[in-house]
Amino acid sequence: MQLIDGKATSAAIRGEIRAEVARFQTEYGFTPGLAVIIVGEDPASQVYVRNKARACEEVGFYSEVYRLPEQTTQKELLSLIDRLNTDEKIHGILVQLPLPKHLNETELLLRISPAKDVDAFHPYNVGQLTIGTPVFLPCTPAGIMELLRRYGIDPCGKQCVVAGRSNIVGKPMALLLLAANGTVTVCHSRTPDLAAKTRDADILVVAIGKAKFVTADMVKEGAVVIDVGMDRDENGKLCGDVDFETVAPKCSYITPVPGGVGPMTITMLLQNTLKSARIAANQ
Ligand code: NAP
């Protein structure tokens with residue numbers, strides 16, 4: 001069994017991005033910029049936003065963080081997004097989710113210019129991914145594809161099973177594996193006999209949000225197992241959707257939690273922002 005080290009891979013990619021930012025500044029005379037908007041005091045969101053700002057600093061990006069009060073109105077947010085859409089210093093705009101209940105998330109995400117939609121949540125970018133001509137890739141599934149690539153795991157011709165069908169992980173993950181010529185099965189909470197499906201997988205991606213749900217009897221000998229879950233076990237310790245202790249010995253490759261998929265997500269956000277800046281530079 002080989003561990004897929006997301007932390008080391010992410011650090012290597014950030015090094016590559018840092019070098020490219022330096023080249024970019026010399027060649028085009030400006031710095032890629034990311035704007036992050038957070039509304040309210042949700043502690044987990046505050047941590048995510050801090051990490052994103054830190055990552056921008058690490059690779060030499062320009063960044064702006066808008067920490068807005070809980071009572072911010074829809075109109076105020078829409079006008080901030082409008083301003084950022086036309087701000088030449090900004091190449092990526094990100095609205096941290098979840099938003100307070102009184103705000104209309106769909107309207108806000110639709111307002112972000114698809115050219116600056118580095119989370120790839122806008123229906124335009126979702127559509128581009130679906131027809132096979134993506135500009136920005138959704139960050140968590142893109143991070144997983146990058147891990148597979150860097151570990152020499154080719155989904156072509158493999159039986160790929162994705163457990164979970166959310167818009168941010170499961171569905172785009174299935175599309176990316178399909179684009180890489182995997183044969184893809186998507187499972188969800190209404191799938192009868194989930195274990196029979198997961199046992200079929202050469203590559204199993206689990207994104208269901210249930211601590212240690214996937215056990216050894218649900219995994220084929222020699223499978224590649226990618227654990228997207230970020231859950232808490234009975235002692236409040238961070239763990240994944242896969243019961244790592246029992247499943248790992250059966251795998252050819254497996255991602256740990258923490259240190260697997262997680263570190264790659266923000267790195268792919270940086271990569272999307274760099275791509276957006278490159279497109280802007282060439283226009
Ligand atoms: P989500 O929106 O809650 O979706 C969960 C999916 O799992 C749904 O499609 C659901 O099916 C399915 N599901 C739930 N219970 C199931 C069961 N018993 N059997 C089969 N399928 C089941 O979650 P998400 O946003 O995709 O996130 C999933 C996990 O990944 C969470 O732990 C989250 O914290 C983590 N995550 C990590 C990262 C990262 O960067 N590492 C990023 C995003 C998410 P239905 O559609 O039928 O309800």
# chains A, B, ... in the order shown; residues from 1 in each chain; ligands from 1
call {"tool": "select_by_dssp", "arguments": {"residues": "range 70-244 of chain A", "states": "strand (DSSP E)", "output": "list in words"}}
result
Gly92, Ile93, Leu94, Val95, Gln159, Cys160, Val161, Val162, Ala163, Thr183, Val184, Thr185, Val186, Cys187, Ile203, Leu204, Val205, Val206, Val224, Val225, Ile226, Asp227, Asp231, Arg232, Leu238 and Cys239 of chain A
call {"tool": "select_by_dssp", "arguments": {"residues": "range 198-262 of chain A", "states": "alpha helix (DSSP H)", "output": "list in words"}}
result
Thr198, Phe244, Glu245, Thr246, Val247 and Gly262 of chain A
call {"tool": "closest_atom_pairs", "arguments": {"of": "chain A", "to": "ligand 1", "cutoff": "9 Å", "atoms": "only C-alpha atoms and all ligand atoms", "output": "CSV"}}
result
residue,atom,partner,partner_atom_place_in_ligand_line,distance
A:Cys139,CA,ligand 1,40 (O),7.8
A:Thr140,CA,ligand 1,40 (O),5.3
A:Pro141,CA,ligand 1,42 (C),8.6
A:Gly143,CA,ligand 1,40 (O),8.5
A:Ala163,CA,ligand 1,21 (N),5.5
A:Gly164,CA,ligand 1,7 (O),3.6
A:Arg165,CA,ligand 1,9 (O),3.7
A:Ser166,CA,ligand 1,26 (O),4.5
A:Asn167,CA,ligand 1,26 (O),7.0
A:Ile168,CA,ligand 1,26 (O),6.0
A:Val169,CA,ligand 1,26 (O),4.8
A:Gly170,CA,ligand 1,26 (O),5.9
A:Lys171,CA,ligand 1,9 (O),8.5
A:Cys187,CA,ligand 1,20 (C),5.9
A:His188,CA,ligand 1,21 (N),3.5
A:Ser189,CA,ligand 1,21 (N),3.8
A:Arg190,CA,ligand 1,47 (O),5.5
A:Thr191,CA,ligand 1,20 (C),6.5
A:Pro192,CA,ligand 1,19 (N),8.8
A:Leu194,CA,ligand 1,19 (N),6.6
A:Val206,CA,ligand 1,29 (C),7.7
A:Ala207,CA,ligand 1,28 (C),4.1
A:Ile208,CA,ligand 1,7 (O),3.3
A:Gly209,CA,ligand 1,32 (O),3.2
A:Lys210,CA,ligand 1,32 (O),6.3
A:Ala211,CA,ligand 1,32 (O),7.6
A:Phe213,CA,ligand 1,18 (N),7.7
A:Asp227,CA,ligand 1,30 (O),8.0
A:Val228,CA,ligand 1,30 (O),4.6
A:Gly229,CA,ligand 1,32 (O),3.4
A:Met230,CA,ligand 1,32 (O),4.0
A:Asp231,CA,ligand 1,32 (O),5.2
A:Arg232,CA,ligand 1,32 (O),8.9
A:Cys239,CA,ligand 1,32 (O),8.9
A:Gly240,CA,ligand 1,32 (O),6.8
A:Asp241,CA,ligand 1,32 (O),6.7
A:Val257,CA,ligand 1,41 (N),8.5
A:Pro258,CA,ligand 1,41 (N),8.5
A:Gly260,CA,ligand 1,41 (N),7.7
A:Val261,CA,ligand 1,41 (N),5.0
A:Gly262,CA,ligand 1,41 (N),3.5
A:Pro263,CA,ligand 1,40 (O),6.9
A:Met264,CA,ligand 1,40 (O),7.0
A:Thr265,CA,ligand 1,40 (O),4.9
A:Ile266,CA,ligand 1,40 (O),7.6
call {"tool": "closest_residue", "arguments": {"among": "A:Glu76, A:Asp117, A:Asp200, A:Asp82", "to": "Leu94 in chain A", "atoms": "only C-alpha atoms"}}
result
A:Asp117
call {"tool": "residues_around", "arguments": {"residues": "range 31-34 of chain A", "least_positions_apart": "2", "cutoff": "8 Å", "atoms": "only C-alpha atoms", "output": "list in words"}}
result
Val21, Phe24, Gln25, Gly29, Val36, Cys56, Gly60, Phe61, Tyr62, Ser63, Glu64, Lys89, Ile90, His91, Gly92, Ile93, Leu94, Thr273, Leu274 and Ala277 of chain A
call {"tool": "closest_residue", "arguments": {"among": "A:Pro155, A:Thr26, A:Leu97, A:Met173", "to": "Pro43 in chain A", "atoms": "only C-alpha atoms"}}
result
A:Leu97
call {"tool": "residues_around", "arguments": {"residues": "Ile38 in chain A", "least_positions_apart": "6", "cutoff": "10 Å", "atoms": "only C-alpha atoms", "output": "VMD selection string"}}
result
chain A and resid 45 to 46 48 to 49 65 to 70 94 to 99
call {"tool": "residues_around", "arguments": {"residues": "Ile13 in chain A", "least_positions_apart": "5", "cutoff": "12 Å", "atoms": "only C-alpha atoms", "output": "PyMOL selection string"}}
result
chain A and resi 6-8+18-20+55+58-59+143+146-147+150+263-271
call {"tool": "closest_residue", "arguments": {"among": "A:Asp42, A:Asp119, A:Asp217, A:Glu16", "to": "Val135 in chain A", "atoms": "only C-alpha atoms"}}
result
A:Asp119
call {"tool": "residues_around", "arguments": {"residues": "Ser113 in chain A", "least_positions_apart": "3", "cutoff": "9 Å", "atoms": "only C-alpha atoms", "output": "count of residues only"}}
result
10
call {"tool": "closest_residue", "arguments": {"among": "A:Asn235, A:Val205, A:Met1, A:Leu175", "to": "Leu148 in chain A", "atoms": "only C-alpha atoms"}}
result
A:Val205
call {"tool": "residues_around", "arguments": {"residues": "Pro134 in chain A", "least_positions_apart": "6", "cutoff": "10 Å", "atoms": "only C-alpha atoms", "output": "PDB file with N, CA and C atoms, in the first residue's frame"}}
result
ATOM      1  N   ALA A 120     -15.354  27.725  -9.984  1.00  0.00           N
ATOM      2  CA  ALA A 120     -16.051  26.977 -11.052  1.00  0.00           C
ATOM      3  C   ALA A 120     -17.458  26.540 -10.639  1.00  0.00           C
ATOM      4  N   TYR A 124     -22.196  28.568 -16.196  1.00  0.00           N
ATOM      5  CA  TYR A 124     -21.429  28.613 -17.442  1.00  0.00           C
ATOM      6  C   TYR A 124     -20.240  27.647 -17.345  1.00  0.00           C
ATOM      7  N   ASN A 125     -19.519  27.731 -16.233  1.00  0.00           N
ATOM      8  CA  ASN A 125     -18.341  26.863 -16.074  1.00  0.00           C
ATOM      9  C   ASN A 125     -18.739  25.403 -15.830  1.00  0.00           C
ATOM     10  N   VAL A 126     -19.864  25.205 -15.148  1.00  0.00           N
ATOM     11  CA  VAL A 126     -20.372  23.829 -14.967  1.00  0.00           C
ATOM     12  C   VAL A 126     -20.714  23.240 -16.342  1.00  0.00           C
ATOM     13  N   GLY A 127     -21.342  24.074 -17.190  1.00  0.00           N
ATOM     14  CA  GLY A 127     -21.694  23.627 -18.549  1.00  0.00           C
ATOM     15  C   GLY A 127     -20.457  23.318 -19.377  1.00  0.00           C
ATOM     16  N   GLN A 128     -19.457  24.192 -19.284  1.00  0.00           N
ATOM     17  CA  GLN A 128     -18.215  23.960 -20.037  1.00  0.00           C
ATOM     18  C   GLN A 128     -17.573  22.630 -19.635  1.00  0.00           C
TER      19      GLN A 128
END
call {"tool": "atom_distance", "arguments": {"atom1": "CA of Arg83 in chain A", "atom2": "CA of Thr133 in chain A"}}
result
28.0 Å
call {"tool": "closest_residue", "arguments": {"among": "A:Thr246, A:Ser276, A:Thr106, A:Asn282", "to": "Phe136 in chain A", "atoms": "only C-alpha atoms"}}
result
A:Ser276
call {"tool": "closest_residue", "arguments": {"among": "A:Ala201, A:Ile144, A:Leu84, A:Val161", "to": "Ser10 in chain A", "atoms": "only C-alpha atoms"}}
result
A:Ile144
